[in-house]
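A.B. asks: One file is attached below, start_3.cif, containing mmCIF, C-alpha atoms.
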```cif
data_upload
#
loop_
_atom_site.label_atom_id
_atom_site.label_comp_id
_atom_site.auth_asym_id
_atom_site.auth_seq_id
_atom_site.Cartn_x
_atom_site.Cartn_y
_atom_site.Cartn_z
CA MET A 244 6.41 14.44 14.97
CA GLU A 245 6.82 17.96 13.58
CA LEU A 246 6.98 20.73 16.16
CA ASN A 247 6.44 24.42 15.46
CA LYS A 248 6.74 27.35 17.83
CA ILE A 249 3.09 27.41 18.86
CA GLU A 250 3.13 23.70 19.73
CA LEU A 251 6.38 24.19 21.64
CA LYS A 252 4.82 26.99 23.67
CA LYS A 253 1.83 24.79 24.48
CA ILE A 254 4.06 21.92 25.63
CA SER A 255 6.16 24.28 27.76
CA HIS A 256 3.03 25.79 29.30
CA ASP A 257 1.52 22.39 30.13
CA PHE A 258 4.84 21.13 31.49
CA ASN A 259 5.05 24.16 33.80
CA ILE A 260 1.61 23.28 35.16
CA VAL A 261 2.40 19.63 35.94
CA SER A 262 5.82 20.61 37.31
CA SER A 263 4.29 23.16 39.64
CA ARG A 264 1.81 20.58 40.86
CA ILE A 265 4.44 17.94 41.71
CA MET A 266 6.57 20.55 43.48
CA ARG A 267 3.60 21.49 45.68
CA ALA A 268 2.33 17.95 46.29
CA LYS A 269 1.81 16.68 49.85
CA PHE A 270 2.75 13.26 51.19
CA ASP A 271 -0.81 11.89 51.16
CA ASN A 272 -1.32 12.35 47.39
CA TYR A 273 2.28 12.50 46.23
CA ASN A 274 2.27 9.28 44.21
CA LEU A 275 -0.95 10.22 42.43
CA VAL A 276 0.53 13.54 41.33
CA LEU A 277 3.83 11.82 40.48
CA ARG A 278 2.06 9.38 38.14
CA LYS A 279 0.48 12.29 36.28
CA PHE A 280 3.82 14.09 36.08
CA LEU A 281 5.56 11.03 34.64
CA ALA A 282 2.66 10.33 32.28
CA PHE A 283 3.07 13.82 30.82
CA ILE A 284 6.75 13.14 30.16
CA ASP A 285 6.02 9.74 28.61
CA GLU A 286 3.23 11.05 26.39
CA ASN A 287 5.18 14.01 24.97
CA GLU A 288 7.61 12.67 22.41
CA ILE A 289 9.91 15.70 22.37
CA ILE A 290 10.42 15.50 26.16
CA HIS A 291 10.51 11.72 26.44
CA THR A 292 13.11 11.44 23.66
CA TYR A 293 15.34 13.92 25.46
CA VAL A 294 14.99 12.20 28.84
CA MET A 295 15.71 8.74 27.41
CA SER A 296 18.81 10.00 25.58
CA GLY A 297 20.63 9.77 28.93
CA ASP A 298 20.02 6.02 29.23
CA ILE A 299 23.58 5.12 28.31
CA SER A 300 25.15 3.72 31.49
CA GLY A 301 23.05 0.72 32.49
CA PHE A 302 21.65 2.58 35.50
CA ASP A 303 19.78 0.24 37.91
CA ALA A 304 17.06 2.29 39.62
CA LEU A 305 15.99 -0.54 41.93
CA SER A 306 19.51 -1.16 43.23
CA GLU A 307 20.25 2.56 43.57
CA TYR A 308 17.05 3.24 45.49
CA GLN A 309 17.58 0.31 47.85
CA GLN A 310 21.19 1.28 48.57
CA VAL A 311 20.30 4.88 49.38
CA THR A 312 17.20 4.19 51.49
CA GLY A 313 18.90 1.27 53.24
CA SER A 314 21.88 3.38 54.32
CA ARG A 315 19.74 5.34 56.82
CA GLY A 316 21.22 8.68 55.87
CA LYS A 317 24.79 7.62 55.06
CA LEU A 318 24.29 7.61 51.28
CA PHE A 319 22.62 10.10 48.96
CA PHE A 320 21.74 9.91 45.31
CA ASP A 321 24.76 10.77 43.19
CA PHE A 322 23.42 11.15 39.66
CA GLY A 323 25.50 11.74 36.58
CA PRO A 324 28.23 12.21 35.57
CA THR A 325 26.76 14.08 32.58
CA SER A 326 23.65 16.26 32.59
CA LYS A 327 21.86 13.89 30.23
CA GLU A 328 22.64 10.86 32.41
CA GLU A 329 21.55 12.77 35.52
CA THR A 330 18.25 13.65 33.84
CA TYR A 331 17.52 10.05 32.88
CA GLN A 332 18.60 8.62 36.25
CA ILE A 333 16.30 10.93 38.22
CA TYR A 334 13.46 10.01 35.86
CA ALA A 335 14.26 6.30 36.39
CA ILE A 336 14.19 6.69 40.18
CA LEU A 337 10.85 8.48 40.01
CA LYS A 338 9.47 5.75 37.74
CA HIS A 339 10.65 3.12 40.24
CA ILE A 340 8.91 4.98 43.07
CA SER A 341 5.72 5.39 41.06
CA ASP A 342 5.57 1.89 39.60
CA ASN A 343 6.04 0.33 43.04
CA ASP A 344 3.91 2.86 44.92
CA LEU A 345 6.73 3.61 47.37
CA ASP A 346 6.30 6.14 50.16
CA VAL A 347 8.93 8.83 49.66
CA SER A 348 8.05 10.58 52.91
CA TRP A 349 9.21 7.50 54.85
CA GLY A 350 11.82 6.05 52.50
CA MET A 351 13.72 9.35 52.18
CA MET A 352 13.34 10.55 55.76
CA PHE A 353 16.97 9.91 56.71
CA GLN A 354 18.33 11.42 53.49
CA TYR A 355 16.13 14.49 53.16
CA ALA A 356 14.95 16.77 56.00
CA GLY A 357 16.08 14.35 58.71
CA VAL A 358 14.43 12.23 61.39
CA GLY A 359 11.87 14.13 63.41
CA ASN A 360 10.73 16.34 60.57
CA LYS A 361 7.21 16.11 59.27
CA ARG A 362 6.48 13.96 56.24
CA ASN A 363 5.59 16.94 54.08
CA GLU A 364 8.98 18.48 54.88
CA VAL A 365 10.69 15.32 53.63
CA ILE A 366 8.66 15.53 50.42
CA LYS A 367 9.58 19.19 49.95
CA GLU A 368 13.27 18.54 50.49
CA PHE A 369 13.24 15.56 48.11
CA ASN A 370 11.50 17.67 45.48
CA ASP A 371 13.92 20.58 45.91
CA ARG A 372 17.04 18.42 45.70
CA VAL A 373 15.99 15.73 43.22
CA VAL A 374 12.80 16.39 41.27
CA LEU A 375 13.63 20.04 40.60
CA VAL A 376 16.86 19.01 38.86
CA LEU A 377 14.85 16.95 36.36
CA ILE A 378 12.34 19.78 35.84
CA GLN A 379 15.06 22.36 35.23
CA SER A 380 16.85 20.07 32.80
CA ILE A 381 13.70 19.59 30.72
CA GLU A 382 12.83 23.30 30.89
CA GLY A 383 16.35 24.14 29.72
CA TYR A 384 16.03 21.75 26.79
CA LEU A 385 12.69 23.22 25.69
CA THR A 386 14.12 26.73 26.02
CA LYS A 387 17.08 25.75 23.84
CA ILE A 388 14.73 24.49 21.13
CA GLY A 389 12.86 27.79 21.33
CA TYR A 390 16.09 29.74 20.90
CA GLU A 391 17.05 27.70 17.87
CA MET A 392 13.62 28.17 16.34
CA GLY A 393 13.99 31.89 16.92
CA MET A 394 17.17 31.93 14.83
CA ASP A 395 15.10 30.99 11.80
CA GLU A 396 11.37 31.69 11.83
CA LYS A 397 10.90 28.93 9.22
CA MET A 398 12.30 26.21 11.41
CA TYR A 399 10.58 22.98 12.45
CA TRP A 400 11.70 20.24 14.81
CA ASN A 401 11.14 16.69 13.67
CA VAL A 402 11.12 13.83 16.18
CA SER A 403 11.33 10.36 14.67
CA GLY A 404 12.66 7.01 15.78
CA GLY A 405 14.15 8.30 19.01
CA GLN A 406 16.12 11.08 17.29
CA VAL A 407 15.46 14.80 17.13
CA ASN A 408 16.32 16.51 13.87
CA VAL A 409 15.89 20.09 12.72
CA ALA A 410 15.07 21.29 9.24
CA SER A 411 14.22 24.63 7.68
CA ASP A 412 10.93 25.26 5.94
CA ASN A 413 12.37 24.71 2.48
CA ALA A 414 14.04 21.44 3.48
CA THR A 415 12.37 18.08 3.14
CA ILE A 416 10.49 16.79 6.19
CA ASN A 417 8.73 13.52 5.51
CA ALA A 418 4.95 13.91 5.36
CA THR A 419 3.58 10.75 3.81
CA GLN A 420 0.04 10.93 5.18
CA ASN A 421 -2.60 10.64 2.50
CA ASN A 422 -5.59 12.76 3.47
CA GLY A 423 -6.32 14.33 0.10
CA ILE A 424 -4.09 17.37 0.53
CA GLN A 425 -2.41 18.68 -2.64
CA LEU A 426 1.09 18.88 -1.20
CA ASP A 427 2.68 20.70 -4.13
CA GLU A 428 0.10 23.48 -4.02
CA LEU A 429 0.36 23.78 -0.24
CA ASP A 430 4.16 23.93 -0.38
CA ARG A 431 4.06 26.56 -3.12
CA ILE A 432 1.74 28.82 -1.13
CA VAL A 433 3.68 28.41 2.11
CA LYS A 434 7.01 29.07 0.39
CA ALA A 435 5.63 32.25 -1.19
CA ILE A 436 4.52 33.48 2.23
CA MET A 437 7.79 32.62 3.95
CA ASP A 438 9.87 34.25 1.22
CA ASN A 439 8.11 37.57 1.85
CA VAL A 440 7.79 37.47 5.64
CA PRO A 441 11.17 39.25 6.18
CA SER A 442 9.51 42.39 4.78
CA VAL A 443 7.18 42.54 7.80
CA ASN A 444 8.00 43.82 11.29
CA LYS A 445 9.17 41.17 13.74
CA GLU A 446 5.98 40.86 15.82
CA ASP A 447 3.66 40.53 12.82
CA ALA A 448 6.13 38.21 11.08
CA GLU A 449 6.11 35.89 14.09
CA THR A 450 2.30 35.81 14.07
CA ILE A 451 2.27 34.98 10.37
CA VAL A 452 4.91 32.26 10.65
CA ASP A 453 3.27 30.66 13.69
CA SER A 454 -0.19 30.73 12.08
CA VAL A 455 1.05 29.33 8.78
CA SER A 456 2.96 26.62 10.61
CA MET A 457 -0.11 25.69 12.65
CA ILE A 458 -2.27 25.38 9.53
CA LYS A 459 0.31 23.51 7.46
CA ASP A 460 1.27 21.07 10.20
CA GLU A 461 -2.35 20.18 10.87
CA LEU A 462 -3.21 19.81 7.17
CA LEU A 463 -0.37 17.29 6.81
CA LYS A 464 -1.71 15.02 9.54
CA PRO A 465 -3.63 11.84 8.62
CA GLU A 466 -6.65 13.11 10.58
CA PRO A 467 -6.48 16.92 10.78
CA LYS A 468 -8.50 18.61 13.51
CA ARG A 469 -10.98 21.25 12.36
CA THR A 470 -10.53 23.36 15.48
CA ILE A 471 -6.76 23.73 15.05
CA ILE A 472 -7.05 24.66 11.37
CA SER A 473 -9.85 27.12 12.17
CA ASN A 474 -7.79 28.71 14.95
CA GLY A 475 -4.87 29.09 12.56
CA ILE A 476 -7.11 30.80 10.01
CA LYS A 477 -8.49 33.17 12.68
CA LEU A 478 -4.96 34.17 13.67
CA LEU A 479 -3.84 34.61 10.07
CA ALA A 480 -6.83 36.46 8.61
CA PRO A 481 -6.16 39.86 10.32
CA MET A 482 -2.67 39.86 8.80
CA ILE A 483 -4.11 40.47 5.33
CA SER A 484 -4.96 44.08 6.15
CA ILE A 485 -1.69 44.59 8.02
CA VAL A 486 0.51 43.50 5.08
CA ASN A 487 -1.62 44.94 2.26
CA GLY A 488 1.37 46.95 1.07
CA ILE A 489 3.11 43.71 0.08
CA PRO A 490 0.94 42.30 -2.73
CA THR A 491 2.62 38.90 -3.07
CA LEU A 492 2.39 38.26 0.68
CA THR A 493 -1.22 39.46 0.86
CA THR A 494 -2.25 37.27 -2.08
CA ASN A 495 -0.63 34.13 -0.71
CA ILE A 496 -1.96 34.57 2.80
CA GLN A 497 -5.41 34.74 1.23
CA ASN A 498 -4.54 31.71 -0.92
CA LEU A 499 -3.60 29.70 2.18
CA ILE A 500 -6.79 30.72 3.96
CA ASP A 501 -8.82 29.68 0.90
CA PHE A 502 -6.87 26.43 0.59
CA ALA A 503 -7.46 25.53 4.25
CA SER A 504 -11.10 26.62 4.14
CA GLN A 505 -11.77 24.40 1.11
CA PHE A 506 -10.28 21.45 2.97
CA LEU A 507 -12.47 22.17 6.01
CA ARG A 508 -15.55 21.94 3.85
CA LYS A 509 -14.55 18.40 2.85
CA ILE A 510 -14.22 17.03 6.39
#
```
Just give me the structure of the file as structure tokens.
C.D. replies:
Amino acid sequence: MELNKIELKKISHDFNIVSSRIMRAKFDNYNLVLRKFLAFIDENEIIHTYVMSGDISGFDALSEYQQVTGSRGKLFFDFGPTSKEETYQIYAILKHISDNDLDVSWGMMFQYAGVGNKRNEVIKEFNDRVVLVLIQSIEGYLTKIGYEMGMDEKMYWNVSGGQVNVASDNATINATQNNGIQLDELDRIVKAIMDNVPSVNKEDAETIVDSVSMIKDELLKPEPKRTIISNGIKLLAPMISIVNGIPTLTTNIQNLIDFASQFLRKI
């Protein structure tokens, strides 16, 4: 999986939505919302890879949950010791709750909010003291990736085989899909654009880099989506008039638009 800045922003945006929903969930639909929250984590490779990287201590979610809930308020979850382990262990507890359809508002009543409090108050306290830690850990990780991408506008993140690797635009990132794309020509055009982007102001440069990345990434996929390529072209096209004082950049932006447009006519 190759990840550019636009895709990262989309993932972060969608994660904020599902996180907000689980934090506001009530006891009567908590497990339904929890399943959707966990499904988002499992289906997004960049997040799931990070969460699973903390699975290094043989953590037993079933045993941990039973010990804490069975103590009637004497024991609390003590995740860790590292941030990565804490992240995975909270995820594992939530998976155990979801997979077994356990009622957090009853099971955690002695640990969170206390006996006599309403079930929704127990849910809120559990979310604030447990679920929020997982959310903040993932948000921090995505923010870190964004910072590192910002250090080099040509940067991609590549997720493969459970590992996350970073490479610059002129490095080799495996793209073995055979969908008829002339890779050499595409690489030549993209390189010519990237080499001249530093001549543009920061805001316009970011738009160019993000648009080029969107188009290139989609063209390299086995089954590119027309809508994504078209959206990339729409974002990139106005840049031609903005950078018309830089002939090489103007020419190659037009070349990329033509290249992508020709491909669209074939699919």
A.B. asks: Evaluate the PyMOL selection byres ((chain A and resi 293) around 9) on the structure here and hand back the selected residues as a VMD selection string.
C.D. replies: chain A and resid 288 to 292 294 to 297 327 330 to 331 381 384 405 to 407
A.B. asks: Just so the selection is clear, what residues does the PyMOL selection byres ((chain A and resi 307) around 10) cover here, as a list in words?
C.D. replies: Phe302, Asp303, Ala304, Leu305, Ser306, Tyr308, Gln309, Gln310, Val311, Thr312, Gly313, Phe319, Phe320, Asp321, Phe322, Gln332 and Ile336 of chain A
A.B. asks: Could you state the separation of CA of Leu478 in chain A and CA of Lys434 in chain A in Å, given to one decimal place?
C.D. replies: 18.6 Å
A.B. asks: Evaluated on this file, the PyMOL selection byres ((chain A and resi 372-380) around 8) picks out some residues - which ones are they, written as a PDB file with C-alpha atoms, in the frame of the given file?
C.D. replies:
```pdb
ATOM      1  CA  SER A 262       5.820  20.610  37.310  1.00  0.00           C
ATOM      2  CA  MET A 266       6.570  20.550  43.480  1.00  0.00           C
ATOM      3  CA  SER A 326      23.650  16.260  32.590  1.00  0.00           C
ATOM      4  CA  GLU A 329      21.550  12.770  35.520  1.00  0.00           C
ATOM      5  CA  THR A 330      18.250  13.650  33.840  1.00  0.00           C
ATOM      6  CA  ILE A 333      16.300  10.930  38.220  1.00  0.00           C
ATOM      7  CA  TYR A 334      13.460  10.010  35.860  1.00  0.00           C
ATOM      8  CA  GLU A 368      13.270  18.540  50.490  1.00  0.00           C
ATOM      9  CA  PHE A 369      13.240  15.560  48.110  1.00  0.00           C
ATOM     10  CA  ASN A 370      11.500  17.670  45.480  1.00  0.00           C
ATOM     11  CA  ASP A 371      13.920  20.580  45.910  1.00  0.00           C
ATOM     12  CA  ILE A 381      13.700  19.590  30.720  1.00  0.00           C
ATOM     13  CA  GLU A 382      12.830  23.300  30.890  1.00  0.00           C
ATOM     14  CA  GLY A 383      16.350  24.140  29.720  1.00  0.00           C
ATOM     15  CA  TYR A 384      16.030  21.750  26.790  1.00  0.00           C
TER      16      TYR A 384
END
```
A.B. asks: How far is it from CA of Lys279 in chain A to CA of Ile388 in chain A, in Å with one decimal?
C.D. replies: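 If I compute the distance from CA of Lys279 in chain A to CA of Ile388 in chain A, I get 24.1 Å.
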A.B. asks: Please provide the set of residues having any atom within 9 Å of Val443 in chain A, restricted to only C-alpha atoms, with same-chain residues fewer than 5 positions apart removed, written as a PyMOL selection string.
C.D. replies: chain A and resi 448+486+489
A.B. asks: Looking at only C-alpha atoms, which of A:Glu328, A:Asp342, A:Glu250, A:Glu364 is the one that sits closest to Asp460 in chain A?
C.D. replies: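 Checking each candidate against Asp460 in chain A, we get A:Glu250 as the closest.
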A.B. asks: Find the spatial neighbours of Thr450 in chain A, counting only C-alpha atoms, within a cut-off of 12 Å - ignore same-chain residues fewer than 2 positions away - and output them as a PyMOL selection string.
C.D. replies: chain A and resi 248-249+396+437+440+443-448+452-457+475-483+485-486
A.B. asks: Can you pull out every residue within 9 Å of range 254-258 of chain A, counting only C-alpha atoms, but drop anything in the same chain fewer than 5 positions away, and send it as a PyMOL selection string?
C.D. replies: chain A and resi 249+263+280+283-284+287+378+382+385-386
A.B. asks: Fewer than 6 positions away in the same chain doesn't count, so skip those; otherwise give me all residues within 12 Å of Glu428 in chain A, counting all atoms listed in the file, as a list in words.
C.D. replies: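 Near Glu428 in chain A, the qualifying residues are Lys434, Ala435, Lys459, Asn495, Asn498, Leu499, Asp501, Phe502 and Ala503 of chain A.
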A.B. asks: Select, from A:Ser504, A:Ser484, A:Asn439, A:Asn343, the residue with the minimum atom-to-atom distance to Thr470 in chain A, counting only C-alpha atoms.
C.D. replies: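 Residue with the minimum atom-to-atom distance to Thr470 in chain A: A:Ser504.
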A.B. asks: For Arg315 in chain A, which residue among A:Ser300, A:Gln354, A:Leu345, A:Leu277 is the nearest when counting all atoms listed in the file?
C.D. replies: A:Gln354
A.B. asks: What lies within 8 Å of range 347-351 of chain A using all atoms listed in the file, ignoring chain neighbours under 4 positions off, as a list in words?
C.D. replies: Phe270, Thr312, Ile340, Tyr355, Arg362, Asn363, Val365, Ile366 and Phe369 of chain A
A.B. asks: Filtering to C-alpha atoms, could you give me those residues as a compact mmCIF listing (two decimals), keeping the file's coordinate frame?
C.D. replies:
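Contents of out_37.txt, as written:
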```txt
# COMPACT_ATOMS: atom_id res chain seq x y z
CA PHE A 270 2.75 13.26 51.19
CA THR A 312 17.20 4.19 51.49
CA ILE A 340 8.91 4.98 43.07
CA TYR A 355 16.13 14.49 53.16
CA ARG A 362 6.48 13.96 56.24
CA ASN A 363 5.59 16.94 54.08
CA VAL A 365 10.69 15.32 53.63
CA ILE A 366 8.66 15.53 50.42
CA PHE A 369 13.24 15.56 48.11
```
